[in-house]
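> protein-v3.tsv is the file, holding TSV, N, CA and C atoms:
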```
chain	number	residue	atom	x	y	z
X	139	MET	N	-23.97	-47.83	17.64
X	139	MET	CA	-22.98	-46.78	17.67
X	139	MET	C	-23.58	-45.57	18.39
X	140	ALA	N	-22.78	-44.91	19.18
X	140	ALA	CA	-23.25	-43.78	19.96
X	140	ALA	C	-23.44	-42.55	19.06
X	141	ARG	N	-24.38	-41.74	19.47
X	141	ARG	CA	-24.67	-40.51	18.71
X	141	ARG	C	-23.56	-39.49	18.97
X	142	VAL	N	-23.15	-38.79	17.91
X	142	VAL	CA	-22.11	-37.78	18.03
X	142	VAL	C	-22.78	-36.43	18.23
X	143	LYS	N	-22.39	-35.76	19.27
X	143	LYS	CA	-22.93	-34.43	19.54
X	143	LYS	C	-21.90	-33.39	19.13
X	144	GLY	N	-22.37	-32.26	18.61
X	144	GLY	CA	-21.46	-31.25	18.07
X	144	GLY	C	-21.22	-30.08	18.98
X	145	GLY	N	-21.56	-30.23	20.26
X	145	GLY	CA	-21.45	-29.09	21.16
X	145	GLY	C	-20.03	-28.58	21.34
X	146	VAL	N	-19.07	-29.49	21.47
X	146	VAL	CA	-17.69	-29.09	21.70
X	146	VAL	C	-17.14	-28.37	20.47
X	147	THR	N	-17.41	-28.93	19.30
X	147	THR	CA	-16.93	-28.32	18.06
X	147	THR	C	-17.58	-26.96	17.82
X	148	ALA	N	-18.88	-26.87	18.06
X	148	ALA	CA	-19.59	-25.60	17.87
X	148	ALA	C	-19.06	-24.55	18.84
X	149	HIS	N	-18.82	-24.97	20.07
X	149	HIS	CA	-18.31	-24.03	21.06
X	149	HIS	C	-16.92	-23.52	20.65
X	150	ALA	N	-16.08	-24.41	20.16
X	150	ALA	CA	-14.74	-24.00	19.73
X	150	ALA	C	-14.82	-23.04	18.55
X	151	ARG	N	-15.74	-23.32	17.63
X	151	ARG	CA	-15.90	-22.44	16.47
X	151	ARG	C	-16.37	-21.06	16.90
X	152	HIS	N	-17.32	-21.02	17.84
X	152	HIS	CA	-17.81	-19.74	18.33
X	152	HIS	C	-16.71	-18.95	19.02
X	153	LYS	N	-15.90	-19.64	19.81
X	153	LYS	CA	-14.80	-18.97	20.49
X	153	LYS	C	-13.81	-18.40	19.49
X	154	LYS	N	-13.52	-19.15	18.44
X	154	LYS	CA	-12.57	-18.69	17.42
X	154	LYS	C	-13.10	-17.46	16.71
X	155	LEU	N	-14.40	-17.47	16.38
X	155	LEU	CA	-14.99	-16.33	15.70
X	155	LEU	C	-14.97	-15.09	16.59
X	156	LEU	N	-15.28	-15.27	17.85
X	156	LEU	CA	-15.29	-14.13	18.75
X	156	LEU	C	-13.89	-13.57	18.94
X	157	SER	N	-12.89	-14.44	18.98
X	157	SER	CA	-11.53	-13.94	19.13
X	157	SER	C	-11.08	-13.22	17.89
X	158	LYS	N	-11.58	-13.65	16.72
X	158	LYS	CA	-11.25	-12.93	15.49
X	158	LYS	C	-11.80	-11.53	15.51
X	159	GLN	N	-12.91	-11.34	16.16
X	159	GLN	CA	-13.52	-10.02	16.24
X	159	GLN	C	-12.83	-9.15	17.29
X	160	LYS	N	-11.87	-9.71	18.00
X	160	LYS	CA	-11.12	-9.00	19.02
X	160	LYS	C	-12.05	-8.36	20.07
X	161	VAL	N	-12.96	-9.19	20.53
X	161	VAL	CA	-13.91	-8.73	21.54
X	161	VAL	C	-13.24	-8.82	22.90
X	162	LEU	N	-13.55	-7.89	23.76
X	162	LEU	CA	-12.99	-7.91	25.10
X	162	LEU	C	-13.47	-9.14	25.86
X	163	GLU	N	-12.70	-9.51	26.87
X	163	GLU	CA	-13.03	-10.68	27.67
X	163	GLU	C	-14.42	-10.55	28.30
X	164	VAL	N	-14.77	-9.37	28.72
X	164	VAL	CA	-16.07	-9.15	29.35
X	164	VAL	C	-17.18	-9.37	28.33
X	165	ALA	N	-16.96	-8.87	27.12
X	165	ALA	CA	-17.98	-8.99	26.08
X	165	ALA	C	-18.19	-10.45	25.69
X	166	LEU	N	-17.14	-11.27	25.81
X	166	LEU	CA	-17.28	-12.69	25.48
X	166	LEU	C	-18.34	-13.35	26.37
X	167	LYS	N	-18.40	-12.91	27.61
X	167	LYS	CA	-19.37	-13.50	28.53
X	167	LYS	C	-20.77	-12.93	28.30
X	168	LEU	N	-20.83	-11.69	27.85
X	168	LEU	CA	-22.13	-11.03	27.73
X	168	LEU	C	-22.82	-11.31	26.40
X	169	LEU	N	-22.04	-11.53	25.33
X	169	LEU	CA	-22.65	-11.73	24.02
X	169	LEU	C	-23.29	-13.10	23.91
X	170	PRO	N	-24.52	-13.16	23.46
X	170	PRO	CA	-25.12	-14.47	23.23
X	170	PRO	C	-24.49	-15.11	21.99
X	171	PHE	N	-24.46	-16.44	21.95
X	171	PHE	CA	-23.80	-17.13	20.85
X	171	PHE	C	-24.57	-17.05	19.55
X	172	CYS	N	-25.83	-16.62	19.60
X	172	CYS	CA	-26.56	-16.51	18.34
X	172	CYS	C	-25.94	-15.43	17.45
X	173	ARG	N	-25.27	-14.42	18.04
X	173	ARG	CA	-24.63	-13.38	17.23
X	173	ARG	C	-23.42	-13.91	16.50
X	174	SER	N	-22.84	-14.98	16.97
X	174	SER	CA	-21.66	-15.53	16.28
X	174	SER	C	-22.04	-16.08	14.92
X	175	ALA	N	-23.33	-16.44	14.75
X	175	ALA	CA	-23.77	-16.90	13.43
X	175	ALA	C	-23.68	-15.76	12.42
X	176	VAL	N	-23.97	-14.54	12.86
X	176	VAL	CA	-23.87	-13.38	11.98
X	176	VAL	C	-22.41	-13.14	11.61
X	177	ARG	N	-21.52	-13.28	12.59
X	177	ARG	CA	-20.09	-13.10	12.32
X	177	ARG	C	-19.60	-14.16	11.35
X	178	GLU	N	-20.06	-15.40	11.54
X	178	GLU	CA	-19.63	-16.48	10.66
X	178	GLU	C	-20.11	-16.23	9.24
X	179	LYS	N	-21.33	-15.76	9.10
X	179	LYS	CA	-21.86	-15.47	7.77
X	179	LYS	C	-21.09	-14.32	7.12
X	180	SER	N	-20.71	-13.33	7.91
X	180	SER	CA	-19.96	-12.21	7.35
X	180	SER	C	-18.61	-12.67	6.82
X	181	LEU	N	-17.99	-13.62	7.49
X	181	LEU	CA	-16.72	-14.17	7.00
X	181	LEU	C	-16.93	-14.95	5.71
X	182	GLN	N	-18.04	-15.65	5.60
X	182	GLN	CA	-18.35	-16.38	4.37
X	182	GLN	C	-18.56	-15.41	3.21
X	183	TYR	N	-19.29	-14.32	3.48
X	183	TYR	CA	-19.52	-13.32	2.44
X	183	TYR	C	-18.20	-12.69	2.00
X	184	ALA	N	-17.34	-12.41	2.96
X	184	ALA	CA	-16.05	-11.79	2.64
X	184	ALA	C	-15.22	-12.71	1.76
X	185	TYR	N	-15.20	-13.99	2.09
X	185	TYR	CA	-14.45	-14.96	1.29
X	185	TYR	C	-15.00	-15.03	-0.13
X	186	ARG	N	-16.33	-15.12	-0.24
X	186	ARG	CA	-16.97	-15.22	-1.55
X	186	ARG	C	-16.72	-13.97	-2.38
X	187	ASP	N	-16.87	-12.81	-1.75
X	187	ASP	CA	-16.82	-11.56	-2.50
X	187	ASP	C	-15.41	-11.15	-2.89
X	188	ARG	N	-14.39	-11.70	-2.22
X	188	ARG	CA	-13.03	-11.44	-2.68
X	188	ARG	C	-12.82	-12.05	-4.07
X	189	ARG	N	-13.49	-13.15	-4.35
X	189	ARG	CA	-13.40	-13.77	-5.68
X	189	ARG	C	-14.34	-13.09	-6.68
X	190	ALA	N	-15.52	-12.70	-6.19
X	190	ALA	CA	-16.50	-12.05	-7.07
X	190	ALA	C	-15.99	-10.70	-7.55
X	191	ARG	N	-15.21	-10.02	-6.71
X	191	ARG	CA	-14.69	-8.70	-7.08
X	191	ARG	C	-13.85	-8.78	-8.35
X	192	LYS	N	-13.08	-9.83	-8.49
X	192	LYS	CA	-12.23	-10.00	-9.68
X	192	LYS	C	-13.09	-10.14	-10.93
X	193	ARG	N	-14.18	-10.90	-10.83
X	193	ARG	CA	-15.08	-11.06	-11.97
X	193	ARG	C	-15.78	-9.76	-12.32
X	194	GLN	N	-16.18	-9.01	-11.30
X	194	GLN	CA	-16.90	-7.76	-11.53
X	194	GLN	C	-16.01	-6.72	-12.20
X	195	PHE	N	-14.75	-6.64	-11.77
X	195	PHE	CA	-13.86	-5.67	-12.40
X	195	PHE	C	-13.55	-6.05	-13.84
X	196	ARG	N	-13.37	-7.34	-14.11
X	196	ARG	CA	-13.13	-7.75	-15.49
X	196	ARG	C	-14.32	-7.37	-16.38
X	197	ALA	N	-15.54	-7.57	-15.89
X	197	ALA	CA	-16.73	-7.21	-16.66
X	197	ALA	C	-16.77	-5.70	-16.88
X	198	LEU	N	-16.40	-4.91	-15.87
X	198	LEU	CA	-16.39	-3.47	-16.00
X	198	LEU	C	-15.38	-3.02	-17.06
X	199	TRP	N	-14.18	-3.62	-17.03
X	199	TRP	CA	-13.16	-3.26	-18.02
X	199	TRP	C	-13.63	-3.58	-19.43
X	200	ILE	N	-14.28	-4.72	-19.60
X	200	ILE	CA	-14.77	-5.11	-20.92
X	200	ILE	C	-15.83	-4.13	-21.40
X	201	GLN	N	-16.72	-3.70	-20.52
X	201	GLN	CA	-17.75	-2.73	-20.90
X	201	GLN	C	-17.13	-1.41	-21.32
X	202	ARG	N	-16.12	-0.96	-20.60
X	202	ARG	CA	-15.47	0.30	-20.94
X	202	ARG	C	-14.75	0.21	-22.28
X	203	ILE	N	-14.05	-0.89	-22.49
X	203	ILE	CA	-13.35	-1.08	-23.76
X	203	ILE	C	-14.35	-1.14	-24.91
X	204	ASN	N	-15.42	-1.87	-24.72
X	204	ASN	CA	-16.45	-2.01	-25.75
X	204	ASN	C	-17.03	-0.64	-26.11
X	205	ALA	N	-17.32	0.17	-25.12
X	205	ALA	CA	-17.88	1.50	-25.39
X	205	ALA	C	-16.90	2.36	-26.17
X	206	ALA	N	-15.63	2.32	-25.79
X	206	ALA	CA	-14.63	3.14	-26.47
X	206	ALA	C	-14.37	2.64	-27.89
X	207	VAL	N	-14.38	1.34	-28.08
X	207	VAL	CA	-14.10	0.77	-29.41
X	207	VAL	C	-15.26	1.03	-30.36
X	208	ARG	N	-16.47	1.01	-29.85
X	208	ARG	CA	-17.63	1.26	-30.72
X	208	ARG	C	-17.63	2.70	-31.25
X	209	LEU	N	-17.03	3.62	-30.51
X	209	LEU	CA	-16.89	4.98	-31.02
X	209	LEU	C	-15.95	5.03	-32.23
X	210	GLU	N	-15.08	4.03	-32.32
X	210	GLU	CA	-14.13	3.94	-33.43
X	210	GLU	C	-14.65	3.05	-34.56
X	211	GLY	N	-15.87	2.53	-34.42
X	211	GLY	CA	-16.48	1.74	-35.49
X	211	GLY	C	-16.16	0.26	-35.47
X	212	MET	N	-15.82	-0.28	-34.32
X	212	MET	CA	-15.56	-1.71	-34.18
X	212	MET	C	-16.38	-2.26	-33.02
X	213	THR	N	-16.41	-3.58	-32.92
X	213	THR	CA	-16.99	-4.21	-31.75
X	213	THR	C	-15.85	-4.71	-30.86
X	214	TYR	N	-16.20	-5.06	-29.64
X	214	TYR	CA	-15.19	-5.55	-28.70
X	214	TYR	C	-14.52	-6.81	-29.21
X	215	SER	N	-15.31	-7.75	-29.74
X	215	SER	CA	-14.73	-9.02	-30.18
X	215	SER	C	-13.81	-8.81	-31.38
X	216	GLN	N	-14.19	-7.93	-32.30
X	216	GLN	CA	-13.33	-7.64	-33.44
X	216	GLN	C	-12.02	-7.00	-32.96
X	217	PHE	N	-12.14	-6.09	-32.02
X	217	PHE	CA	-10.97	-5.41	-31.48
X	217	PHE	C	-10.01	-6.39	-30.83
X	218	MET	N	-10.54	-7.26	-29.98
X	218	MET	CA	-9.68	-8.23	-29.29
X	218	MET	C	-9.06	-9.22	-30.28
X	219	ASN	N	-9.82	-9.59	-31.31
X	219	ASN	CA	-9.28	-10.48	-32.34
X	219	ASN	C	-8.12	-9.79	-33.06
X	220	GLY	N	-8.29	-8.51	-33.38
X	220	GLY	CA	-7.22	-7.77	-34.03
X	220	GLY	C	-6.00	-7.64	-33.16
X	221	LEU	N	-6.19	-7.44	-31.86
X	221	LEU	CA	-5.05	-7.36	-30.95
X	221	LEU	C	-4.28	-8.68	-30.93
X	222	ASN	N	-5.01	-9.78	-30.89
X	222	ASN	CA	-4.35	-11.09	-30.86
X	222	ASN	C	-3.58	-11.34	-32.15
X	223	LYS	N	-4.20	-11.01	-33.28
X	223	LYS	CA	-3.52	-11.23	-34.57
X	223	LYS	C	-2.34	-10.28	-34.75
X	224	GLY	N	-2.45	-9.07	-34.18
X	224	GLY	CA	-1.36	-8.11	-34.28
X	224	GLY	C	-0.25	-8.33	-33.27
X	225	GLY	N	-0.44	-9.26	-32.37
X	225	GLY	CA	0.59	-9.56	-31.37
X	225	GLY	C	0.69	-8.51	-30.27
X	226	ILE	N	-0.36	-7.75	-30.05
X	226	ILE	CA	-0.37	-6.74	-28.99
X	226	ILE	C	-0.89	-7.40	-27.72
X	227	GLN	N	-0.05	-7.41	-26.70
X	227	GLN	CA	-0.41	-8.09	-25.46
X	227	GLN	C	-0.60	-7.06	-24.35
X	228	LEU	N	-1.78	-6.48	-24.31
X	228	LEU	CA	-2.18	-5.59	-23.23
X	228	LEU	C	-3.39	-6.19	-22.55
X	229	ASP	N	-3.38	-6.17	-21.23
X	229	ASP	CA	-4.54	-6.74	-20.54
X	229	ASP	C	-5.70	-5.75	-20.52
X	230	ARG	N	-6.85	-6.23	-20.13
X	230	ARG	CA	-8.07	-5.44	-20.20
X	230	ARG	C	-8.04	-4.25	-19.25
X	231	LYS	N	-7.36	-4.42	-18.12
X	231	LYS	CA	-7.27	-3.32	-17.16
X	231	LYS	C	-6.53	-2.14	-17.78
X	232	VAL	N	-5.42	-2.41	-18.44
X	232	VAL	CA	-4.63	-1.35	-19.06
X	232	VAL	C	-5.39	-0.73	-20.23
X	233	LEU	N	-6.03	-1.56	-21.04
X	233	LEU	CA	-6.80	-1.04	-22.17
X	233	LEU	C	-7.94	-0.14	-21.69
X	234	SER	N	-8.60	-0.54	-20.63
X	234	SER	CA	-9.68	0.27	-20.07
X	234	SER	C	-9.16	1.61	-19.58
X	235	ASP	N	-8.02	1.58	-18.91
X	235	ASP	CA	-7.43	2.82	-18.40
X	235	ASP	C	-7.03	3.74	-19.56
X	236	LEU	N	-6.46	3.17	-20.62
X	236	LEU	CA	-6.10	3.97	-21.79
X	236	LEU	C	-7.33	4.57	-22.45
X	237	ALA	N	-8.39	3.78	-22.52
X	237	ALA	CA	-9.62	4.26	-23.16
X	237	ALA	C	-10.22	5.46	-22.41
X	238	ILE	N	-10.02	5.50	-21.11
X	238	ILE	CA	-10.60	6.58	-20.31
X	238	ILE	C	-9.67	7.80	-20.25
X	239	HIS	N	-8.40	7.56	-19.96
X	239	HIS	CA	-7.50	8.66	-19.65
X	239	HIS	C	-6.63	9.12	-20.82
X	240	GLN	N	-6.32	8.23	-21.74
X	240	GLN	CA	-5.44	8.58	-22.87
X	240	GLN	C	-6.10	8.14	-24.16
X	241	LYS	N	-7.07	8.92	-24.58
X	241	LYS	CA	-7.88	8.55	-25.74
X	241	LYS	C	-7.08	8.46	-27.03
X	242	GLU	N	-6.08	9.33	-27.20
X	242	GLU	CA	-5.28	9.30	-28.44
X	242	GLU	C	-4.45	8.03	-28.52
X	243	ALA	N	-3.88	7.61	-27.41
X	243	ALA	CA	-3.10	6.37	-27.40
X	243	ALA	C	-4.01	5.19	-27.69
X	244	PHE	N	-5.21	5.22	-27.14
X	244	PHE	CA	-6.15	4.13	-27.37
X	244	PHE	C	-6.57	4.07	-28.84
X	245	LYS	N	-6.75	5.25	-29.46
X	245	LYS	CA	-7.09	5.28	-30.89
X	245	LYS	C	-5.99	4.64	-31.72
X	246	GLY	N	-4.74	4.89	-31.33
X	246	GLY	CA	-3.62	4.26	-32.04
X	246	GLY	C	-3.66	2.75	-31.94
X	247	ILE	N	-4.02	2.24	-30.77
X	247	ILE	CA	-4.12	0.79	-30.59
X	247	ILE	C	-5.26	0.23	-31.43
X	248	VAL	N	-6.37	0.98	-31.49
X	248	VAL	CA	-7.51	0.54	-32.30
X	248	VAL	C	-7.11	0.48	-33.77
X	249	GLU	N	-6.34	1.46	-34.22
X	249	GLU	CA	-5.89	1.46	-35.63
X	249	GLU	C	-4.98	0.26	-35.90
X	250	GLN	N	-4.11	-0.06	-34.96
X	250	GLN	CA	-3.25	-1.24	-35.13
X	250	GLN	C	-4.08	-2.51	-35.18
X	251	SER	N	-5.13	-2.56	-34.38
X	251	SER	CA	-6.01	-3.73	-34.37
X	251	SER	C	-6.73	-3.86	-35.72
X	252	LYS	N	-7.20	-2.72	-36.25
X	252	LYS	CA	-7.87	-2.73	-37.56
X	252	LYS	C	-6.91	-3.18	-38.65
X	253	ALA	N	-5.68	-2.71	-38.59
X	253	ALA	CA	-4.69	-3.08	-39.60
X	253	ALA	C	-4.36	-4.57	-39.54
X	254	ALA	N	-4.35	-5.12	-38.35
X	254	ALA	CA	-4.05	-6.55	-38.21
X	254	ALA	C	-5.17	-7.42	-38.76
X	255	LEU	N	-6.40	-6.90	-38.76
X	255	LEU	CA	-7.52	-7.68	-39.26
X	255	LEU	C	-7.55	-7.72	-40.79
X	256	LYS	N	-6.92	-6.72	-41.45
X	256	LYS	CA	-6.97	-6.66	-42.91
X	256	LYS	C	-5.92	-7.51	-43.56
```
In structure tokens, how does this file's structure come out?


Amino acid sequence: MARVKGGVTAHARHKKLLSKQKVLEVALKLLPFCRSAVREKSLQYAYRDRRARKRQFRALWIQRINAAVRLEGMTYSQFMNGLNKGGIQLDRKVLSDLAIHQKEAFKGIVEQSKAALK
């Protein structure tokens, strides 16, 4: 069986990457193809980090909620358990925002969570 060479595919991939960068026609001829590897890696990082951002924000919200709840004498897990038992359906993003900007409203939610645990 004949050996398969990847030159045509690699060339097409490089051309696609360069066109994504909206490089001028002149620059296409002047840029060496080794730089397209950097562009390709940057696209991979962007794809990966769009998913990682969601995980990072969720972790941040949990840390903020935990800090605010501990000031009220509870732990994060106890608080979330109380919310579930009390039927309060607020997501972590909203709870975090309440804990930072509307402390009195957040205290009310914490009290409802404590009441649901008893």

> Pick out the residues sitting within 6.5 Å of range 225-242 of chain X, and hand them over as a list of chain:residue names; count only N, CA and C atoms, and ignore anything fewer than 5 positions along from it in its own chain.

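My reading of the contact set: X:Trp199, X:Ile200, X:Arg202, X:Ile203, X:Ala206, X:Gly220, X:Ile247.
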
> One number please: atom N of Lys245 in chain X to atom N of Val207 in chain X, in Å, one decimal.

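Taking atom N of Lys245 in chain X as the start and atom N of Val207 in chain X as the end point, the length is 8.7 Å.
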
> So the first atom is CA of Ala190 in chain X and the second is atom C of Lys154 in chain X; what is the distance between them in Å, to one decimal place?

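Separating CA of Ala190 in chain X from atom C of Lys154 in chain X is a distance of 24.6 Å.
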
> Using only C-alpha atoms for the distances, tell me which of X:Leu155, X:Ala243, X:Leu255, X:Val142 is nearest to Ser215 in chain X.

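Closest candidate: X:Leu255.
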
> Considering only C-alpha atoms, state which residue in the set X:Asn204, X:Phe195, X:Glu210, X:Lys252 is at the smallest distance from Lys223 in chain X.

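Among the listed residues, the smallest separation from Lys223 in chain X belongs to X:Lys252.
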